[in-house]
>>> print(open('model_26.cif').read())   # mmCIF, C-alpha atoms
data_run
#
loop_
_atom_site.label_atom_id
_atom_site.label_comp_id
_atom_site.auth_asym_id
_atom_site.auth_seq_id
_atom_site.Cartn_x
_atom_site.Cartn_y
_atom_site.Cartn_z
CA MET A 1 -34.57 -24.57 -48.14
CA ASN A 2 -33.86 -22.10 -45.35
CA ALA A 3 -30.32 -20.90 -44.64
CA PRO A 4 -28.73 -22.61 -41.61
CA ILE A 5 -29.47 -20.72 -38.40
CA LYS A 6 -26.81 -19.18 -36.19
CA LEU A 7 -27.02 -21.83 -33.53
CA GLN A 8 -24.37 -20.08 -31.42
CA LEU A 9 -26.84 -17.28 -30.72
CA LEU A 10 -29.36 -19.70 -29.27
CA LEU A 11 -26.96 -21.70 -27.15
CA GLU A 12 -24.68 -18.94 -25.87
CA THR A 13 -26.25 -18.45 -22.45
CA GLN A 14 -25.38 -22.02 -21.49
CA ARG A 15 -21.75 -21.02 -21.18
CA LEU A 16 -22.18 -17.44 -20.02
CA GLU A 17 -21.33 -16.58 -16.44
CA ARG A 18 -23.59 -14.25 -14.50
CA ASN A 19 -20.57 -12.15 -13.55
CA PRO A 20 -17.36 -12.75 -15.47
CA PHE A 21 -15.64 -9.71 -13.98
CA PRO A 22 -12.60 -9.61 -11.73
CA ILE A 23 -12.50 -7.02 -8.95
CA PRO A 24 -11.78 -3.71 -10.72
CA THR A 25 -9.02 -1.30 -9.77
CA GLY A 26 -9.84 2.07 -8.20
CA TRP A 27 -10.69 3.91 -4.99
CA PHE A 28 -13.40 2.15 -3.01
CA PHE A 29 -15.46 2.93 0.05
CA ALA A 30 -14.17 0.94 3.02
CA GLY A 31 -16.31 2.38 5.82
CA TYR A 32 -17.51 5.59 7.43
CA SER A 33 -14.86 7.67 9.16
CA ASP A 34 -16.93 7.77 12.33
CA SER A 35 -17.15 3.96 12.44
CA ILE A 36 -13.60 3.40 13.74
CA GLN A 37 -11.89 5.21 16.61
CA PRO A 38 -8.17 5.59 17.34
CA GLY A 39 -6.88 2.34 18.83
CA GLU A 40 -9.65 0.23 17.29
CA VAL A 41 -9.12 -2.91 15.16
CA LYS A 42 -11.81 -4.60 13.10
CA ASN A 43 -12.22 -7.17 10.39
CA ILE A 44 -13.94 -6.16 7.18
CA ASN A 45 -14.97 -8.06 4.08
CA PHE A 46 -14.74 -6.37 0.71
CA LEU A 47 -12.81 -6.64 -2.55
CA ASP A 48 -13.33 -10.41 -2.48
CA GLN A 49 -11.34 -11.06 0.69
CA GLU A 50 -11.11 -10.31 4.39
CA TRP A 51 -9.03 -7.34 5.55
CA VAL A 52 -8.06 -5.88 8.91
CA MET A 53 -8.81 -2.21 9.46
CA PHE A 54 -7.23 -0.27 12.31
CA ARG A 55 -6.89 3.34 13.32
CA GLY A 56 -3.57 4.37 14.86
CA GLU A 57 -3.40 6.60 17.93
CA GLY A 58 -2.39 9.44 15.58
CA GLY A 59 -5.59 8.99 13.60
CA GLN A 60 -4.26 7.29 10.47
CA VAL A 61 -6.32 4.38 9.16
CA GLY A 62 -4.61 1.23 7.93
CA ILE A 63 -6.20 -1.61 5.93
CA THR A 64 -4.08 -4.75 5.82
CA ASP A 65 -4.12 -8.31 4.69
CA PRO A 66 -5.20 -10.31 7.75
CA TYR A 67 -2.28 -12.71 7.97
CA CYS A 68 0.99 -11.82 9.69
CA PRO A 69 3.97 -12.17 7.31
CA HIS A 70 5.88 -13.88 10.12
CA LEU A 71 3.96 -17.05 10.99
CA GLY A 72 0.52 -16.31 9.63
CA ALA A 73 -1.50 -15.30 12.70
CA HIS A 74 -4.65 -13.29 11.96
CA LEU A 75 -3.98 -9.66 12.89
CA GLY A 76 -7.69 -9.00 13.42
CA HIS A 77 -8.07 -11.69 16.10
CA GLY A 78 -6.04 -10.50 19.08
CA GLY A 79 -4.04 -7.84 17.24
CA THR A 80 -3.81 -4.46 18.96
CA VAL A 81 -2.92 -0.91 18.04
CA VAL A 82 0.42 0.26 19.47
CA GLY A 83 1.07 3.90 18.64
CA ASP A 84 0.52 4.17 14.90
CA ASN A 85 1.14 0.46 14.27
CA ILE A 86 -0.84 -2.75 14.47
CA ARG A 87 0.79 -5.42 16.60
CA CYS A 88 0.33 -9.13 15.99
CA THR A 89 -0.71 -10.99 19.11
CA PHE A 90 1.48 -14.04 18.35
CA HIS A 91 5.07 -12.63 18.64
CA HIS A 92 4.39 -8.87 18.82
CA TRP A 93 5.73 -7.99 15.40
CA GLU A 94 4.46 -4.49 14.54
CA TYR A 95 3.38 -3.06 11.20
CA SER A 96 2.73 0.48 10.00
CA THR A 97 -0.31 1.51 7.98
CA GLU A 98 1.92 1.14 4.89
CA GLY A 99 2.77 -2.47 5.78
CA PHE A 100 6.37 -1.93 6.88
CA CYS A 101 7.54 -4.08 9.77
CA LYS A 102 8.57 -1.48 12.35
CA HIS A 103 9.48 -3.60 15.33
CA ILE A 104 10.35 -7.16 16.32
CA PRO A 105 10.85 -7.12 20.07
CA TYR A 106 13.30 -10.05 20.28
CA ALA A 107 15.31 -9.79 17.02
CA LYS A 108 18.88 -8.59 17.37
CA VAL A 109 18.91 -7.74 13.68
CA MET A 110 15.82 -6.80 11.66
CA PRO A 111 15.62 -8.83 8.44
CA PRO A 112 16.94 -6.49 5.72
CA ILE A 113 13.80 -6.86 3.60
CA THR A 114 11.92 -4.96 6.32
CA LYS A 115 13.88 -1.82 5.49
CA LYS A 116 13.55 -2.27 1.76
CA GLN A 117 9.82 -2.76 1.32
CA PRO A 118 6.49 -3.40 3.04
CA ILE A 119 6.16 -7.07 3.95
CA LEU A 120 2.46 -6.94 4.76
CA ARG A 121 0.00 -6.09 2.00
CA THR A 122 -1.90 -2.92 2.78
CA LEU A 123 -4.22 -0.74 0.75
CA PRO A 124 -3.46 2.97 0.30
CA VAL A 125 -6.07 4.81 2.37
CA GLN A 126 -7.58 8.31 2.22
CA GLU A 127 -10.37 9.88 4.19
CA ARG A 128 -12.62 12.18 2.20
CA TYR A 129 -16.26 13.30 2.54
CA GLY A 130 -16.47 11.56 5.93
CA LEU A 131 -15.66 8.25 4.26
CA ILE A 132 -12.66 5.95 4.39
CA TRP A 133 -11.36 5.14 0.90
CA ALA A 134 -9.09 2.28 -0.09
CA TRP A 135 -7.16 2.02 -3.34
CA TYR A 136 -7.36 -1.45 -4.84
CA HIS A 137 -5.12 -2.75 -7.60
CA PRO A 138 -4.73 -6.50 -8.20
CA GLN A 139 -0.92 -6.19 -8.43
CA ALA A 140 -0.72 -3.63 -5.59
CA ALA A 141 0.22 -0.74 -7.89
CA ASP A 142 0.13 2.79 -6.45
CA PRO A 143 -2.96 4.99 -6.88
CA GLN A 144 -3.35 6.18 -10.43
CA TRP A 145 -5.66 9.12 -9.77
CA GLU A 146 -6.80 11.41 -6.98
CA LEU A 147 -10.23 11.56 -5.43
CA PRO A 148 -11.97 14.76 -6.56
CA ALA A 149 -13.07 17.73 -4.47
CA ILE A 150 -16.81 17.58 -3.75
CA PRO A 151 -17.68 20.93 -2.14
CA GLU A 152 -21.18 19.80 -1.10
CA MET A 153 -19.63 17.01 0.96
CA GLU A 154 -16.64 18.86 2.32
CA GLU A 155 -17.62 22.47 2.86
CA PRO A 156 -19.99 23.99 5.45
CA GLY A 157 -23.42 25.29 4.45
CA HIS A 158 -24.90 21.94 3.41
CA VAL A 159 -27.34 19.66 5.19
CA LYS A 160 -26.01 16.59 6.99
CA PRO A 161 -25.87 13.88 4.32
CA ARG A 162 -28.65 11.33 4.37
CA ARG A 163 -27.33 7.82 3.72
CA TRP A 164 -28.70 4.78 1.95
CA SER A 165 -27.12 1.34 1.58
CA GLY A 166 -28.22 -1.89 -0.01
CA SER A 167 -26.70 -4.94 -1.55
CA VAL A 168 -27.10 -6.38 -5.02
CA ASN A 169 -25.96 -9.66 -6.51
CA THR A 170 -24.01 -8.38 -9.45
CA ALA A 171 -20.82 -6.51 -10.34
CA ILE A 172 -20.25 -2.75 -10.25
CA GLN A 173 -19.85 -2.57 -14.01
CA GLU A 174 -23.38 -3.86 -14.41
CA VAL A 175 -24.82 -1.43 -11.88
CA ALA A 176 -23.14 1.60 -13.42
CA GLU A 177 -24.04 0.54 -16.97
CA ASN A 178 -27.60 1.65 -16.27
CA GLY A 179 -26.27 5.22 -16.14
CA VAL A 180 -25.65 5.21 -19.88
CA ASP A 181 -28.68 3.05 -20.65
CA ASN A 182 -31.23 5.81 -21.06
CA VAL A 183 -33.75 3.59 -22.83
CA HIS A 184 -34.37 1.52 -19.71
CA LEU A 185 -35.41 4.71 -17.90
CA LYS A 186 -38.56 4.77 -19.96
CA TYR A 187 -39.35 1.05 -20.13
CA LEU A 188 -38.20 -0.13 -16.71
CA HIS A 189 -38.65 3.00 -14.61
CA GLY A 190 -41.56 4.43 -16.56
CA THR A 191 -40.32 7.93 -17.37
CA PRO A 192 -42.67 9.58 -19.88
CA ILE A 193 -40.01 9.68 -22.63
CA VAL A 194 -36.55 8.29 -23.22
CA PRO A 195 -34.53 11.15 -21.74
CA PRO A 196 -31.85 12.52 -24.06
CA THR A 197 -28.51 11.34 -22.68
CA THR A 198 -24.90 12.02 -23.59
CA ALA A 199 -21.77 10.47 -22.15
CA THR A 200 -18.17 11.63 -22.42
CA PHE A 201 -15.14 9.63 -21.39
CA GLU A 202 -11.72 10.87 -20.33
CA ASP A 203 -9.08 8.73 -18.63
CA HIS A 204 -10.69 7.27 -15.50
CA LYS A 205 -13.61 9.70 -15.70
CA MET A 206 -17.00 9.48 -17.34
CA GLN A 207 -19.59 12.22 -17.39
CA ILE A 208 -23.21 11.58 -18.23
CA ASN A 209 -25.82 14.22 -18.90
CA ILE A 210 -29.39 12.99 -18.64
CA GLY A 211 -32.30 15.18 -19.70
CA MET A 212 -30.24 18.15 -20.91
CA GLY A 213 -28.65 19.01 -17.61
CA TYR A 214 -31.33 17.67 -15.26
CA ILE A 215 -28.85 15.04 -14.05
CA ILE A 216 -25.10 15.46 -14.45
CA GLY A 217 -23.19 12.41 -13.27
CA ASP A 218 -19.43 12.37 -12.84
CA MET A 219 -17.91 8.97 -12.34
CA TYR A 220 -14.36 8.65 -11.03
CA GLY A 221 -13.37 5.06 -11.64
CA PRO A 222 -15.71 2.27 -10.56
CA GLY A 223 -16.06 3.34 -6.93
CA LEU A 224 -17.36 6.93 -6.97
CA ASN A 225 -20.16 8.58 -8.85
CA VAL A 226 -21.20 12.18 -8.12
CA MET A 227 -24.67 12.97 -9.44
CA ARG A 228 -26.17 16.43 -9.39
CA PHE A 229 -29.91 16.87 -9.93
CA THR A 230 -30.84 20.40 -10.89
CA LYS A 231 -34.30 21.97 -11.14
CA ASP A 232 -35.21 25.67 -11.16
CA GLY A 233 -31.64 26.58 -10.23
CA VAL A 234 -31.62 24.31 -7.17
CA THR A 235 -29.18 21.42 -7.06
CA ALA A 236 -29.28 18.29 -4.94
CA THR A 237 -26.19 16.10 -4.85
CA MET A 238 -26.02 12.36 -4.54
CA ILE A 239 -22.70 10.63 -4.21
CA SER A 240 -22.80 6.96 -4.92
CA TYR A 241 -19.94 4.80 -3.66
CA SER A 242 -20.54 1.21 -4.57
CA VAL A 243 -17.99 -1.37 -3.52
CA PRO A 244 -17.47 -4.99 -4.57
CA ILE A 245 -17.89 -7.31 -1.60
CA THR A 246 -17.21 -10.41 -3.67
CA ARG A 247 -17.05 -10.90 -7.43
CA ASP A 248 -20.80 -11.56 -7.37
CA LYS A 249 -21.97 -9.10 -4.76
CA THR A 250 -21.86 -5.31 -4.65
CA GLN A 251 -22.73 -3.07 -1.76
CA MET A 252 -24.40 0.08 -3.07
CA ASN A 253 -24.02 3.13 -0.85
CA MET A 254 -25.25 6.65 -1.33
CA SER A 255 -25.19 9.98 0.47
CA PHE A 256 -27.58 12.81 -0.38
CA THR A 257 -27.14 16.45 0.45
CA HIS A 258 -27.95 19.96 -0.73
CA LYS A 259 -27.40 23.53 0.36
CA ASP A 260 -28.85 24.31 3.76
CA TYR A 261 -31.68 26.50 2.40
CA PRO A 262 -33.91 28.11 5.06
CA GLN A 263 -36.70 25.88 6.40
CA GLY A 264 -39.92 26.49 4.51
CA SER A 265 -38.23 28.18 1.55
CA LYS A 266 -39.15 27.30 -2.01
CA GLU A 267 -35.53 26.24 -2.65
CA ARG A 268 -35.55 23.82 0.25
CA THR A 269 -38.76 22.22 -0.95
CA ILE A 270 -37.30 21.74 -4.41
CA ALA A 271 -34.04 20.34 -3.01
CA GLU A 272 -35.87 17.88 -0.76
CA HIS A 273 -38.07 16.82 -3.62
CA LEU A 274 -34.99 16.19 -5.80
CA VAL A 275 -33.52 13.97 -3.09
CA ALA A 276 -36.79 12.08 -2.68
CA HIS A 277 -36.97 11.70 -6.44
CA SER A 278 -33.50 10.26 -6.71
CA ILE A 279 -34.30 7.72 -4.02
CA GLY A 280 -37.57 7.02 -5.76
CA GLU A 281 -39.86 7.97 -2.89
CA ALA A 282 -41.17 11.29 -4.17
CA GLU A 283 -44.91 11.71 -4.07
CA GLY A 284 -46.85 12.08 -7.28
CA GLU A 285 -44.06 10.59 -9.36
CA GLU A 286 -44.77 8.53 -12.40
CA SER A 287 -41.38 6.87 -12.55
CA ALA A 288 -39.96 4.29 -10.19
CA GLY A 289 -36.72 4.58 -8.22
CA PHE A 290 -33.92 2.11 -8.75
CA GLU A 291 -34.61 0.02 -5.69
CA SER A 292 -37.98 -1.21 -6.80
CA VAL A 293 -37.19 -2.03 -10.41
CA ASP A 294 -33.46 -2.24 -11.16
CA MET A 295 -32.75 -4.81 -8.47
CA ILE A 296 -34.83 -7.53 -10.06
CA VAL A 297 -32.85 -7.12 -13.27
CA TRP A 298 -29.40 -6.92 -11.65
CA ASN A 299 -30.01 -9.84 -9.33
CA ASN A 300 -30.96 -12.23 -12.11
CA LYS A 301 -29.29 -11.23 -15.36
CA LYS A 302 -26.30 -12.70 -17.15
CA TYR A 303 -23.66 -10.48 -18.68
CA ARG A 304 -23.51 -10.72 -22.45
CA ALA A 305 -20.09 -9.61 -23.63
CA LYS A 306 -21.41 -9.53 -27.19
CA PRO A 307 -24.91 -8.15 -26.83
CA LEU A 308 -27.32 -7.72 -29.71
CA LEU A 309 -27.97 -3.97 -29.71
CA CYS A 310 -30.25 -1.85 -31.85
CA ASP A 311 -30.03 1.73 -33.06
CA GLY A 312 -31.50 3.37 -29.97
CA ASP A 313 -29.18 1.74 -27.46
CA GLY A 314 -26.80 4.64 -27.09
CA GLN A 315 -23.36 4.41 -25.58
CA ILE A 316 -23.32 0.99 -23.94
CA ILE A 317 -20.40 -0.32 -26.00
CA LYS A 318 -18.36 2.85 -25.47
CA TYR A 319 -19.02 2.60 -21.76
CA ARG A 320 -17.85 -1.01 -21.67
CA GLN A 321 -14.67 -0.16 -23.58
CA TRP A 322 -13.99 2.65 -21.10
CA PHE A 323 -14.60 0.34 -18.14
CA LYS A 324 -12.09 -2.23 -19.41
CA GLN A 325 -9.22 -0.04 -18.18
CA PHE A 326 -10.19 -1.04 -14.64
CA TYR A 327 -9.36 -4.69 -15.27
CA PRO A 328 -5.58 -4.66 -15.72
CA GLY A 329 -4.41 -8.03 -17.02
CA PHE A 330 -7.77 -8.76 -18.67
CA GLU A 331 -7.37 -6.45 -21.69
CA ASN A 332 -7.83 -9.31 -24.14
CA SER A 333 -10.52 -11.24 -22.33
CA ASP A 334 -13.53 -12.02 -24.53
CA LYS A 335 -15.71 -12.59 -21.46
CA ILE A 336 -15.76 -8.94 -20.38
CA MET B 1 32.48 -37.92 -6.82
CA ALA B 2 31.57 -36.56 -3.43
CA VAL B 3 31.91 -32.89 -2.75
CA GLU B 4 34.17 -32.20 0.20
CA VAL B 5 33.97 -29.36 2.71
CA LEU B 6 36.59 -28.48 5.33
CA ALA B 7 34.76 -26.57 8.05
CA THR B 8 36.42 -25.09 11.09
CA ASP B 9 34.10 -24.63 14.05
CA ARG B 10 34.16 -21.77 16.55
CA GLU B 11 36.46 -23.78 18.85
CA GLY B 12 39.03 -24.06 16.06
CA THR B 13 38.52 -27.72 15.17
CA THR B 14 38.41 -28.55 11.48
CA HIS B 15 35.86 -31.11 10.25
CA LYS B 16 35.87 -32.88 6.92
CA LEU B 17 32.29 -33.05 5.64
CA GLU B 18 30.65 -34.59 2.60
CA ALA B 19 28.10 -32.52 0.73
CA GLU B 20 25.41 -33.47 -1.74
CA ARG B 21 25.71 -31.59 -5.01
CA GLY B 22 23.24 -28.72 -5.35
CA ARG B 23 22.57 -28.35 -1.61
CA PRO B 24 23.33 -25.05 0.06
CA LEU B 25 26.46 -25.12 2.23
CA MET B 26 24.35 -23.88 5.16
CA GLU B 27 22.39 -27.14 5.26
CA VAL B 28 25.59 -29.21 5.22
CA LEU B 29 26.97 -27.23 8.16
CA ARG B 30 23.67 -27.30 10.04
CA GLU B 31 23.37 -31.07 9.77
CA ALA B 32 26.94 -31.46 11.02
CA ASN B 33 25.97 -29.62 14.21
CA LEU B 34 28.75 -27.09 13.93
CA GLY B 35 26.71 -24.24 15.44
CA VAL B 36 25.03 -23.04 12.27
CA GLU B 37 21.32 -22.53 12.85
CA GLY B 38 20.11 -21.32 9.45
CA THR B 39 16.97 -20.06 11.13
CA CYS B 40 15.33 -18.38 8.16
CA GLY B 41 15.94 -21.30 5.81
CA GLY B 42 17.90 -19.44 3.15
CA ALA B 43 16.02 -16.15 2.82
CA CYS B 44 18.92 -13.84 3.82
CA ALA B 45 16.79 -12.69 6.75
CA CYS B 46 18.57 -13.95 9.89
CA GLY B 47 22.36 -13.95 9.35
CA THR B 48 22.87 -17.11 11.42
CA CYS B 49 24.79 -18.98 8.71
CA HIS B 50 27.63 -16.48 8.48
CA VAL B 51 30.96 -18.02 7.43
CA TYR B 52 34.41 -16.75 6.51
CA VAL B 53 35.55 -18.37 3.28
CA ALA B 54 39.26 -19.21 3.25
CA GLY B 55 41.89 -18.02 0.80
CA SER B 56 41.19 -18.07 -2.87
CA TRP B 57 37.92 -20.01 -2.46
CA ALA B 58 36.11 -16.75 -1.87
CA GLU B 59 36.85 -15.59 -5.42
CA ARG B 60 35.37 -18.71 -6.97
CA LEU B 61 31.95 -18.14 -5.47
CA PRO B 62 29.03 -16.36 -7.13
CA LEU B 63 28.95 -12.68 -6.13
CA ARG B 64 26.84 -11.59 -3.18
CA SER B 65 23.26 -10.80 -4.15
CA GLU B 66 21.71 -7.55 -2.95
CA ASP B 67 19.78 -9.43 -0.25
CA GLU B 68 22.90 -11.19 1.02
CA GLN B 69 24.84 -7.94 0.96
CA MET B 70 22.15 -6.18 3.01
CA MET B 71 22.04 -8.97 5.59
CA LEU B 72 25.82 -8.93 5.99
CA GLU B 73 25.75 -5.16 6.41
CA ALA B 74 23.02 -5.53 9.03
CA ILE B 75 24.99 -8.02 11.16
CA ALA B 76 28.17 -5.96 10.72
CA GLU B 77 26.87 -3.69 13.47
CA LEU B 78 27.14 -6.61 15.92
CA VAL B 79 29.85 -8.97 14.65
CA GLU B 80 33.00 -8.79 12.54
CA VAL B 81 32.20 -8.98 8.84
CA ARG B 82 35.19 -9.40 6.51
CA PRO B 83 35.59 -9.25 2.72
CA ALA B 84 35.54 -13.07 2.82
CA SER B 85 32.27 -13.16 4.79
CA ARG B 86 29.38 -15.01 3.18
CA LEU B 87 25.99 -16.36 4.11
CA SER B 88 26.47 -20.09 3.59
CA CYS B 89 22.84 -20.49 2.53
CA GLN B 90 23.78 -18.64 -0.66
CA ILE B 91 26.55 -21.11 -1.64
CA PRO B 92 25.21 -24.10 -3.57
CA MET B 93 27.68 -26.98 -3.44
CA SER B 94 29.18 -28.17 -6.69
CA GLU B 95 32.12 -30.29 -7.81
CA GLU B 96 34.10 -27.16 -8.60
CA LEU B 97 33.86 -26.24 -4.92
CA SER B 98 35.07 -29.60 -3.65
CA GLY B 99 37.66 -29.01 -0.96
CA ILE B 100 36.33 -25.57 -0.01
CA GLU B 101 37.58 -24.34 3.36
CA VAL B 102 35.31 -22.24 5.57
CA GLU B 103 35.32 -21.01 9.14
CA ILE B 104 31.99 -20.81 10.98
CA GLY B 105 31.55 -17.07 11.54
CA PRO B 106 30.23 -15.16 14.53
CA VAL B 107 26.49 -14.41 14.52
CA PRO B 108 24.36 -11.82 16.30
#
>>> encode(input="model_26.cif", output="C-alpha cells")
Amino acid sequence: MNAPIKLQLLLETQRLERNPFPIPTGWFFAGYSDSIQPGEVKNINFLDQEWVMFRGEGGQVGITDPYCPHLGAHLGHGGTVVGDNIRCTFHHWEYSTEGFCKHIPYAKVMPPITKKQPILRTLPVQERYGLIWAWYHPQAADPQWELPAIPEMEEPGHVKPRRWSGSVNTAIQEVAENGVDNVHLKYLHGTPIVPPTTATFEDHKMQINIGMGYIIGDMYGPGLNVMRFTKDGVTATMISYSVPITRDKTQMNMSFTHKDYPQGSKERTIAEHLVAHSIGEAEGEESAGFESVDMIVWNNKKYRAKPLLCDGDGQIIKYRQWFKQFYPGFENSDKI
Amino acid sequence: MAVEVLATDREGTTHKLEAERGRPLMEVLREANLGVEGTCGGACACGTCHVYVAGSWAERLPLRSEDEQMMLEAIAELVEVRPASRLSCQIPMSEELSGIEVEIGPVP
C-alpha cells in the first residue's frame, strides 16, 4: 500500500490569496516634480487610499489625508493654497505641509493640540531626480533611511531621461522578486544561459549583480531600484520607481539615461542599445523585455509563502526574508 | 443617592443641581443652561467649560491632565485663570463629590 499523500500540497491554492501583502513601508514615487505648480492642489490615488497633493507658494510639496480634521470636508475638493498652507474650503482652517493646523480664522484660542502635534496626517516629502517622493509607514513613523545620490539623474552631462510607465496587477514584492530569480531569465525571457547572479542584503538595501557586472541593481527599500547596464565601458542607467496603487495593483515607472556622448559616437550607440535592451525593444535580440513576458505571469499568479524550490532557484528565500522588514506589524505572518 | 452640585452662575445666583454618577460635570452644567457651552465635547480643545472650584473641593479632584493644563494656559491669555480653575468636562461626578461647589468661570 502506498504512503498517504500530502493532501495539503494539492489543496493549498484554494486558500491562497493572489496578494497577501500589506502596503510596504518606504519612499515611494508620488508624481513628477513638473506635474504640480506652486498654488496647485490635486487628488492622487496611491498607497491604497486617496491623498491630496499641493505645492505651497514657496515651492514645498505637501501630501495629506483628504479629510479635514475639523469636520471632515475633503481638502482636495475646494481646498486652496494660501501661502505655504492648504486651506479647507469649509471653515478656512489651514494646514502646513507637515499637517500642523496653522490658522483658524474665527477661534479666539487655538486648541492646544494644534501646537503639540500635527492633526492632519501627511506624508514626509522629498524631491529628488525630478520626482516627488513620499515616505509611507503604516503607523506614520518618521523616515528610516535617506534617498541615495544618483549622479546620472542629478548632475549635468546626461541625456534627458526617457520615461516608461505601466501598471500591473500584483504587489511590488512580486515584481522585484524577479530581480533575484535569474532562472526565469532563461526560461521566460529566453536568454541563452541562466546568467550568474549574486545578491547581497544590508539593512534596507539589496544589491544584485547579474552576468558578472553586466547589470548591477541597487534597491533602496521597495520603491527605488537603480540598475546600471554596462558594456564595453559604457553604462546606461535605469531607475525604477514602482509604487503600490492598491494592495493588488502596482504602477511601474522607469527613467532611462546615460552620459551625453557625442552624436554618432561608438559610446552613444552602445548606450542607446543598452537602453533599448533594458526596455526590450533592441533589434536583433534573442531575449524578451519584461513587458511582453513578465506581465502575463504577474497578472495571474498567486503568491506561495511556502514555495517548493529546487537547487537552482538561488536567493528567493533570502530576498523574501529581507523584504519582510518593510511590513512592520506583520513579522509573524505566515501568509507573507 | 443623588450626587449634588452647587453651581453659581455668572450673575452670582447659586443653583442646586442633581448629577448622574459618572457624567462629566460639564454636561450637568450645560443641561442646566448656566452658560456652559462645552463646544468641543470634552476634548480639552475649546475652554468653554471653565469653572472655579470652591474651597477644599479643588484638592479632592483628580489632577489636571497635560491636555487640560495646556488648554487652561491657552485661555489664561484672555481670561483670569486661578489655581482652582478646572475644565468641568474633566471632572466625572461621583458620590465622593456630592455637594461640590463651583463657580461658572469666564471663557474666551
>>> resolve_selection(input="model_26.cif", expression="the PyMOL selection byres ((chain A) within 8 of (chain B))", output="PyMOL selection string")
chain A and resi 108-113
>>> atom_distance(input="model_26.cif", atom1="CA of Val275 in chain A", atom2="CA of Thr200 in chain A")
24.8 Å
>>> resolve_selection(input="model_26.cif", expression="the PyMOL selection byres ((chain A and resi 193-198) around 7)", output="ChimeraX atom specification")
/A:182-183,185-186,191-192,199-200,208-212
>>> write_last_selection(input="model_26.cif", atoms="C-alpha atoms", output="JSON list (two decimals), in the coordinates of the input")
[["chain", "number", "residue", "atom", "x", "y", "z"],
["A", 182, "ASN", "CA", -31.23, 5.81, -21.06],
["A", 183, "VAL", "CA", -33.75, 3.59, -22.83],
["A", 185, "LEU", "CA", -35.41, 4.71, -17.90],
["A", 186, "LYS", "CA", -38.56, 4.77, -19.96],
["A", 191, "THR", "CA", -40.32, 7.93, -17.37],
["A", 192, "PRO", "CA", -42.67, 9.58, -19.88],
["A", 199, "ALA", "CA", -21.77, 10.47, -22.15],
["A", 200, "THR", "CA", -18.17, 11.63, -22.42],
["A", 208, "ILE", "CA", -23.21, 11.58, -18.23],
["A", 209, "ASN", "CA", -25.82, 14.22, -18.90],
["A", 210, "ILE", "CA", -29.39, 12.99, -18.64],
["A", 211, "GLY", "CA", -32.30, 15.18, -19.70],
["A", 212, "MET", "CA", -30.24, 18.15, -20.91]]
>>> closest_residue(input="model_26.cif", among="B:Ala58, B:Leu63, B:Tyr52, B:Asn33", to="His15 in chain B", atoms="all atoms listed in the file")
B:Asn33
>>> resolve_selection(input="model_26.cif", expression="the PyMOL selection byres ((chain A and resi 118-132) around 10)", output="count of residues only")
60
>>> residues_around(input="model_26.cif", residues="range 18-29 of chain B", least_positions_apart="6", cutoff="9 Å", atoms="only C-alpha atoms", output="VMD selection string")
chain B and resid 2 to 7 35 to 38 41 to 42 49 to 50 87 to 95 98 104
>>> atom_distance(input="model_26.cif", atom1="CA of Glu57 in chain A", atom2="CA of Asn85 in chain A")
8.5 Å
>>> atom_distance(input="model_26.cif", atom1="CA of Lys205 in chain A", atom2="CA of Ala305 in chain A")
21.9 Å
>>> residues_near_point(input="model_26.cif", point="(-30.6, -5.0, -2.7)", cutoff="10 Å", atoms="only C-alpha atoms", output="count of residues only")
17
>>> axis_aligned_box(input="model_26.cif", around="range 98-102 of chain B", padding_each_side="5 Å", output="lines of an AutoDock Vina configuration file")
center_x = 36.4
center_y = -25.9
center_z = 1.0
size_x = 12.6
size_y = 17.4
size_z = 19.2
>>> closest_residue(input="model_26.cif", among="A:Thr13, A:Thr257, A:Ser240, A:Gln207", to="Pro156 in chain A", atoms="all atoms listed in the file")
A:Thr257
>>> residues_around(input="model_26.cif", residues="Glu11 in chain B", least_positions_apart="2", cutoff="10 Å", atoms="all atoms listed in the file", output="list in words")
Thr8, Asp9, Thr13, Thr14, Leu34 and Ile104 of chain B
>>> write_last_selection(input="model_26.cif", atoms="C-alpha atoms", output="tab-separated table (two decimals), in the coordinates of the input")
chain	number	residue	atom	x	y	z
B	8	THR	CA	36.42	-25.09	11.09
B	9	ASP	CA	34.10	-24.63	14.05
B	13	THR	CA	38.52	-27.72	15.17
B	14	THR	CA	38.41	-28.55	11.48
B	34	LEU	CA	28.75	-27.09	13.93
B	104	ILE	CA	31.99	-20.81	10.98
>>> decode(input="model_26.cif", residues="range 40-45 of chain B", atoms="N, CA, C and O atoms", output="compact mmCIF listing (two decimals), in the first residue's frame")
# COMPACT_ATOMS: atom_id res chain seq x y z
N CYS B 40 -16.46 71.60 22.51
CA CYS B 40 -15.67 70.51 21.91
C CYS B 40 -16.06 69.15 22.44
O CYS B 40 -15.55 68.13 21.97
N GLY B 41 -16.96 69.10 23.42
CA GLY B 41 -17.48 67.81 23.86
C GLY B 41 -16.58 67.06 24.82
O GLY B 41 -16.76 65.86 25.04
N GLY B 42 -15.60 67.73 25.38
CA GLY B 42 -14.76 67.06 26.39
C GLY B 42 -13.36 66.74 25.92
O GLY B 42 -12.68 65.91 26.51
N ALA B 43 -12.91 67.41 24.86
CA ALA B 43 -11.59 67.10 24.28
C ALA B 43 -10.49 68.08 24.74
O ALA B 43 -9.38 68.01 24.23
N CYS B 44 -10.80 68.95 25.69
CA CYS B 44 -9.83 69.98 26.15
C CYS B 44 -9.35 70.83 24.97
O CYS B 44 -8.17 71.17 24.87
N ALA B 45 -10.27 71.15 24.06
CA ALA B 45 -9.87 71.91 22.87
C ALA B 45 -10.50 73.30 22.79
O ALA B 45 -10.09 74.11 21.96
